[in-house]
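Below is one structure; the comments refer to it alone.
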Amino acid sequence: MTSSPTRYTLHEISERFGGEIVGDPQLSVSRVATLENAGPDAIAFLANPRYLWQVEATRAGAVIVGPAERETTKAARIVCANPYAYFARVSALLNPPRAAVPGVHPTAVVDASANVHPRAEVGPYSVICREAQLAEGSTIGAGTYVGEGVRVGRDTRLHPSVTVYDGCTIGERVVLHSGVVIGADGFGIAFDEDRWVKVPQIGRVRIGDDVEIGANTTIDRGAIDDTVIEDGVKLDNQIQVAHNVRIGAHTAIAACTGIAGSVQIGAHCRIGGAVGIAGHVSITDRVEISGHTAITRSIDTPGVYSGVYPFEPNNKWRRNAAQLRHLAEIGRRVSALEDGLEKLAREGRTDD
Amino acid sequence: MTSSPTRYTLHEISERFGGEIVGDPQLSVSRVATLENAGPDAIAFLANPRYLWQVEATRAGAVIVGPAERETTKAARIVCANPYAYFARVSALLNPPRAAVPGVHPTAVVDASANVHPRAEVGPYSVICREAQLAEGSTIGAGTYVGEGVRVGRDTRLHPSVTVYDGCTIGERVVLHSGVVIGADGFGIAFDEDRWVKVPQIGRVRIGDDVEIGANTTIDRGAIDDTVIEDGVKLDNQIQVAHNVRIGAHTAIAACTGIAGSVQIGAHCRIGGAVGIAGHVSITDRVEISGHTAITRSIDTPGVYSGVYPFEPNNKWRRNAAQLRHLAEIGRRVSALEDGLEKLAREGRTDD
Amino acid sequence: MTSSPTRYTLHEISERFGGEIVGDPQLSVSRVATLENAGPDAIAFLANPRYLWQVEATRAGAVIVGPAERETTKAARIVCANPYAYFARVSALLNPPRAAVPGVHPTAVVDASANVHPRAEVGPYSVICREAQLAEGSTIGAGTYVGEGVRVGRDTRLHPSVTVYDGCTIGERVVLHSGVVIGADGFGIAFDEDRWVKVPQIGRVRIGDDVEIGANTTIDRGAIDDTVIEDGVKLDNQIQVAHNVRIGAHTAIAACTGIAGSVQIGAHCRIGGAVGIAGHVSITDRVEISGHTAITRSIDTPGVYSGVYPFEPNNKWRRNAAQLRHLAEIGRRVSALEDGLEKLAREGRTDD
C-alpha cells in the first residue's frame, strides 16, 4: 500500500453511480469513513435518521444522503434514493477487491489432471485434486483443499483454509471465507437394531453466482440429489446448511442460523441470526424471520415471522417463566370463570 | 470414475441383507436414487407413507418398501421391516467408502518417533507429531494436524483440515469431517481479583469406535480427567462439546447443539439441533430432546422433552410476547377472580 | 515427557501464592487431580460444598480448601479465600504452558518483509505474509495463516490452523485455539434493486492482551472502524463476533454465543452459552446473561438477565405452548372477568 491512494471527484462518482451533486463536483475523495471519524479526504453516508446529529458535525469532505436529508449539511453532498447501497458502490470503487495474482505457488499440490486457468491464482499449500477446474480470475487461498472434480467459477475467491469436498460446483464471483466447509457428508443415519447405520451421501453441493459465504459456515452435500445455493445468496458466519436444502436466489441469512435437512427456502428471504429451521420445512419467497426464532412448520405467505422469548431481570423471569407449565391450566381456569360468572349473572337476574 | 459401475442383482442384495424379493431376482441395479429421479438402473426406497404417490409414479428398476406398501408398485421390490436402514446398506454396497491408499505423501511432516502403519494413508501437508500412532487402514486428510501421542484407530478417516491436539485417542472406523477440532482447551477460567485466571486443561479427549463427527464440530479436552465420546455416537456439524462431558454409546446429536461442561448424556439418546444443555446436567438413556430446546436441569426418565417457543406472524407475536412479563401477575389475578367469584356465589345463596 | 515431573512442596507453593498451610509444609506434590482420582502425589481442591463428601474420602496428598472447609479433612491442606483460583495457579505451576521453541520451520512460507523475532516460533506449513510482525516468544502453530501487516504480540500463541486476515493486531499473552478466524469480512450488504450489494469491510480486528479465544470462534473485521476485543477477555468455542463490536475488558463469554453488528459490551460481563445479542445493543459493565437468552434491547443496569423457555415432557409442552398464541387474548379475558365480577358485586349490593 505504498502508492498514493486513488482519488475520485464527485463528478466521476456520479457519472458511474448516478445521484445529484450538491456542492463542488470537482471535490475529490480518496477513502470512505464514518460520519464521526471522517476527514476532508473522505466520503461518508447517512442512511439512518437516528444519526442525523452526526451529519451536522461531520468533517467529511462529502456525504451521501437521501432526499429528506438534502439540507442537513453544508458539506458537499450526493443526494440519492438509497444512500447505503450508493455508499457500498463508492466504497467498492475506493476499496476494490483484491484481484487474482495469476500463478500457482510452488508449494501448491496440483493434480496433473486438474485444469487451472493461466489467470487463476493458487496459493501456498493448497491442494487441488484430480480433475478439479479453476476458472479465469479465480483465487484459491493458502492451505485450501479443492476436491476431485470440483469446479470453481470465474473471479471466485476462496480465502485461506477453505475445504471443498469432491464433486461440488461453485459459480462465478463467489466469495468463500476461511473455515468454510462445502460438501461434507449430510447427517444421514438410519436406526437399526439399536444402533445407527451410515447412509452414504452421494449428492453434491451446487453454488450459483455472486454468492458470499461467511467464515466457518458449513454446507453439506446432498444424500442423493444436490444441496443448492442459488445466485446472489449471502450467508454470514457459522451457518449450518444441511443436506438437500435449497436456498433461493438473493436470500440473505445472518450468522449462526441452522437449517435442517431438505428445507426449501424461497428467493429474496431475509433470515435473522441464530434462527433454527426444522427439517423438510418449506418457506416461500420474500419471508423475513426474526433472529433467534425456531421455524417448526412451513410458511407459505410472505411477511415477517417471529418467536423470540423476551428477556427480563432474572428474578422476574423466574417468576413469570414458572407459569409457563401452567398455561393450559390457566386457559381452563379462565374458561371456568367465564362460565361461573355467566351462570351467577343469570341467577342474579332470575332472582329479580 | 472411468470404470463401469458395479451392478448387483436383487438376489445378491438380499443374500447380504435379507428381505423378500417380489419380482425378478435377476434384475440388477448399479446405483441408488430418489423415487422421483430414479431410472431403470437404480434402486430407491419408501420409508414415509407421505411419499406413496412417488412410489406409484417411479421409474426405478427396484424399490425397497415396508410390508404395508408391498402392493403399491409393480416395480421389482424388496420388502423388509426397515426400508431406510436397508437402503443405507444397499447404498453403502453401491457407494463404498473410499479406502485408504497406503503411503505417506512426500509433503507430510511426520515426526521420526511417530508410528505410522504401512497401510495407513497420510495426505499432503499433514503434520504428524511426536509419538502419534496411526493404525492400519487409517486415512489422514490433507492439511490435518495430529498432535503428540495421538492415537488414530484402524480404518478411521480424518478428512482434510482436521486438528487433533496432543494426547487424544480416536477409535476404529471413526470419521471426522473437515474443520473438526478435537482436544482444544476446555473453558476453564477462575475469577480472582476482578479478572480471569486460566485453569490449565490437562485431560484429553477419548473417542470410541464407529463414531462420526460432522464438519466444524469442536470437542474440548477435559480439565483434569477426560472428555469421552462412547462407541457408535453420531455427531452432526457445528456441535460444541465442552470439557469433561461424556456422551453415551449410540447417541445421535443434530447440528449446532451446545453441551456445557461436565454434562453426562446416556446411551441411545436422540438430541435435536440447536439444543443447549447446561453445565453439570445428567441425562439418562433413551432420552429424546426436541430441537431448539434448552435443558437446564437433569433428566432421569426416558421420554421426549421439549421447550420451543412457537413462532407466529410478527404482529401477533408482539402482542402475545408482551404478556410474558405479566404471567405471574395473570396467575394471581385468576386466583383472585376465583376467590371473588366463590365469595359472591356464597353471598348470593345466603341472600336467598 | 520422559523426565521425572517437577515436585513442589506446600511451602514452596504458599510462598508463591499465599494461603495457610495446615499439615506438613514439606509435603510435596507433582500433579493436580480431582478429589475422586487423586493419589498421594497429587493436590486437589474443593470449591463447591456439594462435593464435600469427596474431600472426606480423598486420597490426595494435599487439598486446597476455603476457610469454612478447614476441618473437613485430615489431609494436608492449604486454606485460602478462593480455592478455585488458587488451584488454577498451582496447576499452571505444575503444568506450565508450552513455551515457544524459537525458530522457523523450513516449510513455513515467510514473506521477506515480515518481521519475525528470533525467539518466535513458526510451525510447519504456516504462511506469514508481507509486513507481518511476530514478537518475541510468540508461537505460530502448524498450518496457520497470518495475513499482511498482522501484528502478533509477545508470548502469544496461535494453535494450529488459525487464520488471521490482513491488518489485524493481536496483543501479548493471547491464546487463539484451532479453527479461529480473525478478520473475515463483516456481513455488510446493501439492498438495492432486489439484490444485495457487498459493502467492503475495510476496518480490522484489534485484540488486546491476555485474551483467550476458543476453537472455531470467528471475529469479523469492522466495516470502516475496527472490531475491538479488550484486555483479559475470555471467549469460548464457536462464538460469533460480528463487525464493529467492542467487548469490554475481562468479560467472559461461553460457547456458541452470537453477537451481532455494532454491539457494545461492557467490562466484567459474564455471558452464558448460546446467547444471542441483537445488532446495535449496548450492554453496560458487570452484566450477567443466562445461557440461551436473546438480548433484544440495551441493558444499562448491572445485574442478571434471563429469557429461557423452560422445557417439559413433550406432551405437556405441547398443551402449554399452544396457549402462547392466545396470551394477549387471555389477558383481555381476565380484564373482562374483573370488570364483570366487579359489576355483579355492585349490583348484588344495590339489590340489598
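Chain identifiers are assigned as A, B, and so on, following the order in which chains appear in the C-alpha cells; residues are numbered from 1 within each chain, and ligands are numbered from 1 in order of appearance.
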Please list as a PyMOL selection string every residue within 9 Å of Gly61 (chain A), counting only C-alpha atoms and excluding residues in the same chain fewer than 6 positions away.
chain A and resi 27-29+38-44+75-77
Those residues you just picked out, can you put them in a file as an mmCIF file, in the first residue's frame with N, CA, C and O atoms?
```
data_model
loop_
_atom_site.group_PDB
_atom_site.id
_atom_site.type_symbol
_atom_site.label_atom_id
_atom_site.label_comp_id
_atom_site.auth_asym_id
_atom_site.auth_seq_id
_atom_site.Cartn_x
_atom_site.Cartn_y
_atom_site.Cartn_z
ATOM 1 N N LEU A 27 -14.704 18.332 -6.163
ATOM 2 C CA LEU A 27 -14.171 17.883 -4.868
ATOM 3 C C LEU A 27 -13.826 16.411 -4.988
ATOM 4 O O LEU A 27 -14.619 15.624 -5.511
ATOM 5 N N SER A 28 -12.640 16.062 -4.515
ATOM 6 C CA SER A 28 -12.262 14.656 -4.646
ATOM 7 C C SER A 28 -12.093 14.001 -3.282
ATOM 8 O O SER A 28 -11.763 14.659 -2.289
ATOM 9 N N VAL A 29 -12.325 12.719 -3.278
ATOM 10 C CA VAL A 29 -12.162 11.931 -2.052
ATOM 11 C C VAL A 29 -11.301 10.701 -2.378
ATOM 12 O O VAL A 29 -11.253 10.261 -3.534
ATOM 13 N N ALA A 38 -14.662 10.934 9.861
ATOM 14 C CA ALA A 38 -14.225 11.340 8.527
ATOM 15 C C ALA A 38 -13.431 12.643 8.573
ATOM 16 O O ALA A 38 -13.706 13.525 9.376
ATOM 17 N N GLY A 39 -12.469 12.742 7.670
ATOM 18 C CA GLY A 39 -11.750 13.987 7.424
ATOM 19 C C GLY A 39 -12.055 14.464 6.022
ATOM 20 O O GLY A 39 -12.841 13.832 5.307
ATOM 21 N N PRO A 40 -11.432 15.530 5.604
ATOM 22 C CA PRO A 40 -11.773 16.144 4.302
ATOM 23 C C PRO A 40 -11.486 15.237 3.096
ATOM 24 O O PRO A 40 -12.035 15.448 2.025
ATOM 25 N N ASP A 41 -10.680 14.244 3.304
ATOM 26 C CA ASP A 41 -10.358 13.292 2.241
ATOM 27 C C ASP A 41 -11.416 12.237 2.023
ATOM 28 O O ASP A 41 -11.318 11.448 1.088
ATOM 29 N N ALA A 42 -12.369 12.210 2.917
ATOM 30 C CA ALA A 42 -13.260 11.053 2.972
ATOM 31 C C ALA A 42 -14.684 11.389 2.576
ATOM 32 O O ALA A 42 -15.136 12.533 2.674
ATOM 33 N N ILE A 43 -15.377 10.347 2.127
ATOM 34 C CA ILE A 43 -16.811 10.443 1.870
ATOM 35 C C ILE A 43 -17.511 9.512 2.846
ATOM 36 O O ILE A 43 -17.047 8.393 3.091
ATOM 37 N N ALA A 44 -18.600 10.003 3.436
ATOM 38 C CA ALA A 44 -19.376 9.225 4.403
ATOM 39 C C ALA A 44 -20.817 9.152 3.937
ATOM 40 O O ALA A 44 -21.142 9.665 2.865
ATOM 41 N N ALA A 75 -21.682 20.354 3.895
ATOM 42 C CA ALA A 75 -20.653 19.606 3.170
ATOM 43 C C ALA A 75 -21.173 19.271 1.778
ATOM 44 O O ALA A 75 -22.384 19.202 1.547
ATOM 45 N N ALA A 76 -20.254 19.061 0.867
ATOM 46 C CA ALA A 76 -20.665 18.589 -0.448
ATOM 47 C C ALA A 76 -21.454 17.308 -0.302
ATOM 48 O O ALA A 76 -21.150 16.481 0.556
ATOM 49 N N ARG A 77 -22.507 17.171 -1.067
ATOM 50 C CA ARG A 77 -23.400 16.032 -0.935
ATOM 51 C C ARG A 77 -23.660 15.370 -2.268
ATOM 52 O O ARG A 77 -23.658 16.009 -3.313
#
```
Residues of chain C no more than 6 Å from chain B, counting only C-alpha atoms: send them over as a list in words.
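That gives Ala85, Ala88, Ala92, Asp236, His250, Tyr309, Pro310, Phe311, Glu312, Pro313, Asn314, Leu327 and Ala328 of chain C for chain C.
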Using only N, CA, C and O atoms, please write the residues we just selected to a file, as a PDB file, in the first residue's frame.
```
ATOM      1  N   ALA C  85      -9.364 -20.414  42.159  1.00  0.00           N
ATOM      2  CA  ALA C  85      -8.314 -19.598  41.562  1.00  0.00           C
ATOM      3  C   ALA C  85      -6.932 -20.041  42.053  1.00  0.00           C
ATOM      4  O   ALA C  85      -5.964 -20.069  41.301  1.00  0.00           O
ATOM      5  N   ALA C  88      -6.033 -22.980  40.158  1.00  0.00           N
ATOM      6  CA  ALA C  88      -5.633 -22.609  38.794  1.00  0.00           C
ATOM      7  C   ALA C  88      -4.149 -22.246  38.760  1.00  0.00           C
ATOM      8  O   ALA C  88      -3.404 -22.665  37.865  1.00  0.00           O
ATOM      9  N   ALA C  92      -1.121 -24.261  36.975  1.00  0.00           N
ATOM     10  CA  ALA C  92      -0.263 -23.613  35.968  1.00  0.00           C
ATOM     11  C   ALA C  92       1.213 -23.801  36.321  1.00  0.00           C
ATOM     12  O   ALA C  92       2.060 -23.921  35.437  1.00  0.00           O
ATOM     13  N   ASP C 236     -15.062 -18.491  24.633  1.00  0.00           N
ATOM     14  CA  ASP C 236     -15.124 -19.953  24.498  1.00  0.00           C
ATOM     15  C   ASP C 236     -15.195 -20.306  23.012  1.00  0.00           C
ATOM     16  O   ASP C 236     -14.984 -19.459  22.136  1.00  0.00           O
ATOM     17  N   HIS C 250     -11.993  -8.034  30.445  1.00  0.00           N
ATOM     18  CA  HIS C 250     -12.279  -9.077  31.429  1.00  0.00           C
ATOM     19  C   HIS C 250     -13.698  -9.615  31.350  1.00  0.00           C
ATOM     20  O   HIS C 250     -14.178 -10.235  32.301  1.00  0.00           O
ATOM     21  N   TYR C 309     -36.795 -20.334  27.634  1.00  0.00           N
ATOM     22  CA  TYR C 309     -38.070 -21.033  27.615  1.00  0.00           C
ATOM     23  C   TYR C 309     -37.886 -22.355  28.347  1.00  0.00           C
ATOM     24  O   TYR C 309     -37.064 -23.166  27.942  1.00  0.00           O
ATOM     25  N   PRO C 310     -38.662 -22.616  29.423  1.00  0.00           N
ATOM     26  CA  PRO C 310     -38.443 -23.838  30.198  1.00  0.00           C
ATOM     27  C   PRO C 310     -38.899 -25.078  29.418  1.00  0.00           C
ATOM     28  O   PRO C 310     -39.832 -25.007  28.632  1.00  0.00           O
ATOM     29  N   PHE C 311     -38.249 -26.194  29.689  1.00  0.00           N
ATOM     30  CA  PHE C 311     -38.628 -27.410  28.975  1.00  0.00           C
ATOM     31  C   PHE C 311     -39.476 -28.319  29.846  1.00  0.00           C
ATOM     32  O   PHE C 311     -39.476 -28.207  31.075  1.00  0.00           O
ATOM     33  N   GLU C 312     -40.177 -29.221  29.200  1.00  0.00           N
ATOM     34  CA  GLU C 312     -41.041 -30.188  29.896  1.00  0.00           C
ATOM     35  C   GLU C 312     -41.136 -31.448  29.062  1.00  0.00           C
ATOM     36  O   GLU C 312     -40.718 -31.459  27.911  1.00  0.00           O
ATOM     37  N   PRO C 313     -41.765 -32.493  29.617  1.00  0.00           N
ATOM     38  CA  PRO C 313     -42.129 -33.615  28.750  1.00  0.00           C
ATOM     39  C   PRO C 313     -42.946 -33.095  27.568  1.00  0.00           C
ATOM     40  O   PRO C 313     -43.771 -32.179  27.723  1.00  0.00           O
ATOM     41  N   ASN C 314     -42.709 -33.697  26.411  1.00  0.00           N
ATOM     42  CA  ASN C 314     -43.259 -33.159  25.164  1.00  0.00           C
ATOM     43  C   ASN C 314     -44.768 -32.961  25.175  1.00  0.00           C
ATOM     44  O   ASN C 314     -45.271 -31.937  24.672  1.00  0.00           O
ATOM     45  N   LEU C 327     -52.101 -15.538  24.410  1.00  0.00           N
ATOM     46  CA  LEU C 327     -51.791 -14.834  25.654  1.00  0.00           C
ATOM     47  C   LEU C 327     -52.426 -13.454  25.713  1.00  0.00           C
ATOM     48  O   LEU C 327     -52.944 -13.046  26.759  1.00  0.00           O
ATOM     49  N   ALA C 328     -52.354 -12.722  24.621  1.00  0.00           N
ATOM     50  CA  ALA C 328     -52.943 -11.376  24.630  1.00  0.00           C
ATOM     51  C   ALA C 328     -54.447 -11.494  24.887  1.00  0.00           C
ATOM     52  O   ALA C 328     -55.032 -10.730  25.653  1.00  0.00           O
TER      53      ALA C 328
END
```
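Interatomic distance, CA of Arg332 (chain B) against CA of Arg332 (chain C): 14.9 Å.
The interatomic distance for the pair CA of Val205 (chain A) and CA of Val152 (chain A) works out to 12.1 Å.
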List as a PyMOL selection string the protein and nucleic acid residues near Val228 (chain C), meaning an atom at most 9 Å away when only C-alpha atoms are counted, but skip any in the same chain fewer than 6 places from it.
chain C and resi 204-208+221-222+244-248
Quick one: everything within 10 Å of His117 (chain C), counting only C-alpha atoms, minus sequence neighbours fewer than 3 positions away in the same chain. Send it as a list in words.
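Result of the neighbour search: Pro102, Gly103, Val104, Ala114, Ala120, Glu121, Gln133, Leu134, Ala135, Glu136, Gly137, Ser138 and Arg154 of chain C.
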Those selected residues, please, written with all heavy atoms and delivered as a compact mmCIF listing (two decimals), in the first residue's frame.
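The resulting again_31.txt:
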```txt
# COMPACT_ATOMS: atom_id res chain seq x y z
N PRO C 102 12.09 -21.47 19.76
CA PRO C 102 12.47 -20.46 18.75
C PRO C 102 12.87 -21.10 17.43
O PRO C 102 13.52 -22.15 17.40
CB PRO C 102 13.68 -19.77 19.38
CG PRO C 102 13.51 -19.97 20.84
CD PRO C 102 12.86 -21.30 21.01
N GLY C 103 12.47 -20.47 16.36
CA GLY C 103 12.87 -20.96 15.05
C GLY C 103 11.71 -21.02 14.09
O GLY C 103 10.54 -21.10 14.50
N VAL C 104 12.05 -20.97 12.84
CA VAL C 104 11.06 -21.02 11.77
C VAL C 104 11.19 -22.35 11.06
O VAL C 104 12.25 -22.69 10.54
CB VAL C 104 11.29 -19.86 10.77
CG1 VAL C 104 10.29 -19.95 9.62
CG2 VAL C 104 11.18 -18.52 11.48
N ALA C 114 8.37 -9.72 6.23
CA ALA C 114 7.79 -9.99 7.56
C ALA C 114 8.89 -9.87 8.61
O ALA C 114 10.06 -10.15 8.34
CB ALA C 114 7.16 -11.37 7.59
N ALA C 120 10.78 -16.10 18.28
CA ALA C 120 9.41 -16.55 17.96
C ALA C 120 9.51 -17.94 17.36
O ALA C 120 10.57 -18.40 16.92
CB ALA C 120 8.75 -15.58 16.98
N GLU C 121 8.39 -18.64 17.34
CA GLU C 121 8.34 -19.98 16.76
C GLU C 121 7.30 -19.99 15.64
O GLU C 121 6.16 -19.56 15.85
CB GLU C 121 7.95 -21.02 17.82
CG GLU C 121 7.67 -22.40 17.23
CD GLU C 121 7.26 -23.44 18.25
OE1 GLU C 121 7.20 -23.12 19.45
OE2 GLU C 121 7.00 -24.58 17.84
N GLN C 133 4.22 -9.06 11.68
CA GLN C 133 5.21 -8.92 12.75
C GLN C 133 4.89 -9.93 13.85
O GLN C 133 3.79 -9.92 14.40
CB GLN C 133 5.16 -7.52 13.37
CG GLN C 133 5.60 -6.42 12.42
CD GLN C 133 5.52 -5.07 13.09
OE1 GLN C 133 5.80 -4.95 14.27
NE2 GLN C 133 5.13 -4.06 12.34
N LEU C 134 5.88 -10.76 14.15
CA LEU C 134 5.71 -11.76 15.21
C LEU C 134 6.69 -11.43 16.33
O LEU C 134 7.91 -11.45 16.12
CB LEU C 134 6.00 -13.16 14.67
CG LEU C 134 5.25 -13.56 13.40
CD1 LEU C 134 5.62 -14.98 12.98
CD2 LEU C 134 3.74 -13.45 13.59
N ALA C 135 6.18 -11.14 17.51
CA ALA C 135 7.01 -10.66 18.61
C ALA C 135 7.72 -11.80 19.33
O ALA C 135 7.43 -12.99 19.11
CB ALA C 135 6.14 -9.87 19.59
N GLU C 136 8.60 -11.45 20.22
CA GLU C 136 9.39 -12.41 20.99
C GLU C 136 8.48 -13.38 21.74
O GLU C 136 7.48 -12.98 22.34
CB GLU C 136 10.24 -11.65 22.00
CG GLU C 136 11.03 -12.54 22.93
CD GLU C 136 12.00 -11.76 23.79
OE1 GLU C 136 11.95 -10.51 23.77
OE2 GLU C 136 12.82 -12.41 24.47
N GLY C 137 8.82 -14.66 21.66
CA GLY C 137 8.05 -15.63 22.43
C GLY C 137 6.73 -16.02 21.81
O GLY C 137 6.01 -16.87 22.36
N SER C 138 6.37 -15.42 20.67
CA SER C 138 5.10 -15.81 20.05
C SER C 138 5.26 -17.16 19.35
O SER C 138 6.36 -17.53 18.93
CB SER C 138 4.62 -14.75 19.06
OG SER C 138 5.54 -14.55 18.02
N ARG C 154 3.92 -10.37 22.14
CA ARG C 154 4.83 -11.23 22.89
C ARG C 154 4.12 -12.37 23.57
O ARG C 154 3.05 -12.17 24.17
CB ARG C 154 5.52 -10.39 23.98
CG ARG C 154 6.41 -9.31 23.46
CD ARG C 154 6.89 -8.45 24.62
NE ARG C 154 7.57 -9.26 25.62
CZ ARG C 154 8.85 -9.12 25.96
NH1 ARG C 154 9.59 -8.21 25.34
NH2 ARG C 154 9.40 -9.87 26.88
```
Write out as a list of chain:residue names all residues of region 51-174 of chain C that DSSP puts in helix (DSSP H, G or I) for this structure's backbone.
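Here are the helix (DSSP H, G or I) residues of region 51-174 of chain C: C:Tyr51, C:Leu52, C:Trp53, C:Gln54, C:Val55, C:Glu56, C:Ala57, C:Pro67, C:Ala68, C:Glu69, C:Pro83, C:Tyr84, C:Ala85, C:Tyr86, C:Phe87, C:Ala88, C:Arg89, C:Val90, C:Ser91, C:Ala92, C:Leu93, C:Leu94.
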Among the residues of region 8-147 of chain B, find those DSSP assigns to strand (DSSP E) from the backbone and print them as a ChimeraX atom specification.
/B:8-9,20-22,28-29,31-32,42-45,62-65,76-79,103-104,109-110,115-116,121-122,127-128,133-134,139-140,145-146
Can those selected residues be exported to a file as a short mmCIF file (atom, residue, chain, number, x, y, z; two decimals), in the first residue's frame so that it contains N, CA, C and O atoms?
```
data_model
loop_
_atom_site.label_atom_id
_atom_site.label_comp_id
_atom_site.auth_asym_id
_atom_site.auth_seq_id
_atom_site.Cartn_x
_atom_site.Cartn_y
_atom_site.Cartn_z
N TYR B 8 -25.38 -55.06 -9.01
CA TYR B 8 -25.76 -56.17 -8.13
C TYR B 8 -27.20 -56.56 -8.47
O TYR B 8 -28.06 -55.71 -8.70
N THR B 9 -27.46 -57.87 -8.47
CA THR B 9 -28.84 -58.32 -8.67
C THR B 9 -29.59 -58.23 -7.35
O THR B 9 -28.97 -58.22 -6.26
N GLU B 20 -37.54 -59.76 1.39
CA GLU B 20 -38.25 -60.66 0.47
C GLU B 20 -38.32 -60.02 -0.91
O GLU B 20 -38.80 -58.88 -1.06
N ILE B 21 -37.86 -60.73 -1.93
CA ILE B 21 -37.93 -60.18 -3.28
C ILE B 21 -39.31 -60.43 -3.88
O ILE B 21 -39.81 -61.55 -3.85
N VAL B 22 -39.92 -59.38 -4.40
CA VAL B 22 -41.14 -59.55 -5.19
C VAL B 22 -40.82 -59.05 -6.59
O VAL B 22 -40.60 -57.87 -6.82
N SER B 28 -30.89 -56.26 -12.07
CA SER B 28 -29.71 -55.69 -11.42
C SER B 28 -29.78 -54.17 -11.41
O SER B 28 -30.41 -53.54 -12.27
N VAL B 29 -29.14 -53.61 -10.39
CA VAL B 29 -29.07 -52.15 -10.24
C VAL B 29 -27.61 -51.75 -10.04
O VAL B 29 -26.80 -52.56 -9.56
N ARG B 31 -26.97 -48.24 -9.07
CA ARG B 31 -26.92 -47.01 -8.27
C ARG B 31 -28.18 -46.89 -7.43
O ARG B 31 -29.16 -47.58 -7.66
N VAL B 32 -28.10 -45.99 -6.47
CA VAL B 32 -29.30 -45.63 -5.71
C VAL B 32 -29.80 -44.29 -6.26
O VAL B 32 -29.05 -43.52 -6.86
N ALA B 42 -31.56 -47.96 -11.26
CA ALA B 42 -31.44 -47.53 -9.87
C ALA B 42 -32.41 -48.25 -8.95
O ALA B 42 -33.46 -48.76 -9.37
N ILE B 43 -32.02 -48.28 -7.69
CA ILE B 43 -32.91 -48.78 -6.64
C ILE B 43 -33.20 -47.61 -5.71
O ILE B 43 -32.31 -46.82 -5.38
N ALA B 44 -34.47 -47.49 -5.33
CA ALA B 44 -34.92 -46.41 -4.46
C ALA B 44 -35.62 -47.02 -3.25
O ALA B 44 -35.68 -48.24 -3.12
N PHE B 45 -36.13 -46.17 -2.36
CA PHE B 45 -36.80 -46.73 -1.18
C PHE B 45 -37.99 -45.84 -0.80
O PHE B 45 -38.04 -44.66 -1.14
N ALA B 62 -35.92 -50.94 -9.14
CA ALA B 62 -36.40 -51.67 -7.97
C ALA B 62 -36.63 -50.68 -6.83
O ALA B 62 -36.04 -49.60 -6.80
N VAL B 63 -37.52 -51.08 -5.92
CA VAL B 63 -37.87 -50.22 -4.79
C VAL B 63 -37.83 -51.05 -3.50
O VAL B 63 -38.26 -52.20 -3.49
N ILE B 64 -37.32 -50.46 -2.44
CA ILE B 64 -37.30 -51.09 -1.12
C ILE B 64 -38.50 -50.54 -0.34
O ILE B 64 -38.63 -49.32 -0.19
N VAL B 65 -39.37 -51.42 0.11
CA VAL B 65 -40.56 -50.96 0.81
C VAL B 65 -40.79 -51.77 2.08
O VAL B 65 -40.22 -52.84 2.26
N ALA B 76 -40.07 -54.11 -9.42
CA ALA B 76 -39.47 -55.13 -8.57
C ALA B 76 -39.26 -54.52 -7.18
O ALA B 76 -38.92 -53.35 -7.05
N ARG B 77 -39.53 -55.32 -6.17
CA ARG B 77 -39.47 -54.81 -4.80
C ARG B 77 -38.64 -55.72 -3.93
O ARG B 77 -38.57 -56.92 -4.13
N ILE B 78 -38.04 -55.09 -2.91
CA ILE B 78 -37.54 -55.85 -1.76
C ILE B 78 -38.37 -55.38 -0.58
O ILE B 78 -38.40 -54.17 -0.27
N VAL B 79 -39.08 -56.32 0.03
CA VAL B 79 -39.93 -56.00 1.17
C VAL B 79 -39.17 -56.33 2.44
O VAL B 79 -38.64 -57.44 2.60
N GLY B 103 0.36 -45.13 2.17
CA GLY B 103 1.50 -44.31 1.82
C GLY B 103 1.45 -42.95 2.47
O GLY B 103 0.38 -42.45 2.82
N VAL B 104 2.61 -42.38 2.61
CA VAL B 104 2.75 -41.06 3.23
C VAL B 104 3.15 -40.07 2.14
O VAL B 104 4.19 -40.23 1.49
N VAL B 109 4.65 -33.89 7.05
CA VAL B 109 5.71 -33.77 8.05
C VAL B 109 5.40 -34.78 9.14
O VAL B 109 4.43 -34.64 9.88
N VAL B 110 6.20 -35.83 9.20
CA VAL B 110 5.93 -36.93 10.14
C VAL B 110 7.11 -37.06 11.09
O VAL B 110 8.24 -37.31 10.65
N ASN B 115 4.41 -43.47 14.86
CA ASN B 115 4.27 -44.86 14.40
C ASN B 115 3.15 -44.89 13.37
O ASN B 115 1.97 -44.87 13.72
N VAL B 116 3.51 -44.92 12.10
CA VAL B 116 2.52 -44.89 11.02
C VAL B 116 2.49 -46.26 10.35
O VAL B 116 3.48 -46.70 9.77
N GLU B 121 -2.74 -44.09 5.37
CA GLU B 121 -2.55 -43.07 4.34
C GLU B 121 -2.40 -41.71 5.00
O GLU B 121 -3.24 -41.33 5.84
N VAL B 122 -1.36 -41.00 4.64
CA VAL B 122 -1.16 -39.66 5.19
C VAL B 122 -1.10 -38.67 4.04
O VAL B 122 -0.22 -38.76 3.18
N VAL B 127 0.56 -32.86 9.31
CA VAL B 127 1.61 -32.80 10.32
C VAL B 127 1.30 -33.87 11.36
O VAL B 127 0.25 -33.83 12.00
N ILE B 128 2.20 -34.84 11.47
CA ILE B 128 2.02 -35.95 12.42
C ILE B 128 3.11 -35.79 13.48
O ILE B 128 4.30 -35.89 13.18
N GLN B 133 0.29 -42.25 16.74
CA GLN B 133 0.16 -43.60 16.20
C GLN B 133 -1.02 -43.65 15.24
O GLN B 133 -2.14 -43.33 15.62
N LEU B 134 -0.75 -44.08 14.02
CA LEU B 134 -1.80 -44.20 13.01
C LEU B 134 -1.93 -45.67 12.63
O LEU B 134 -0.98 -46.27 12.12
N THR B 139 -6.79 -43.06 7.52
CA THR B 139 -6.56 -42.05 6.49
C THR B 139 -6.47 -40.68 7.15
O THR B 139 -7.39 -40.30 7.87
N ILE B 140 -5.38 -39.99 6.89
CA ILE B 140 -5.23 -38.63 7.40
C ILE B 140 -5.32 -37.69 6.20
O ILE B 140 -4.48 -37.73 5.30
N TYR B 145 -3.69 -31.89 11.27
CA TYR B 145 -2.70 -31.83 12.34
C TYR B 145 -3.03 -32.90 13.37
O TYR B 145 -4.12 -32.90 13.95
N VAL B 146 -2.07 -33.81 13.57
CA VAL B 146 -2.24 -34.87 14.56
C VAL B 146 -1.20 -34.66 15.64
O VAL B 146 0.00 -34.83 15.38
#
```
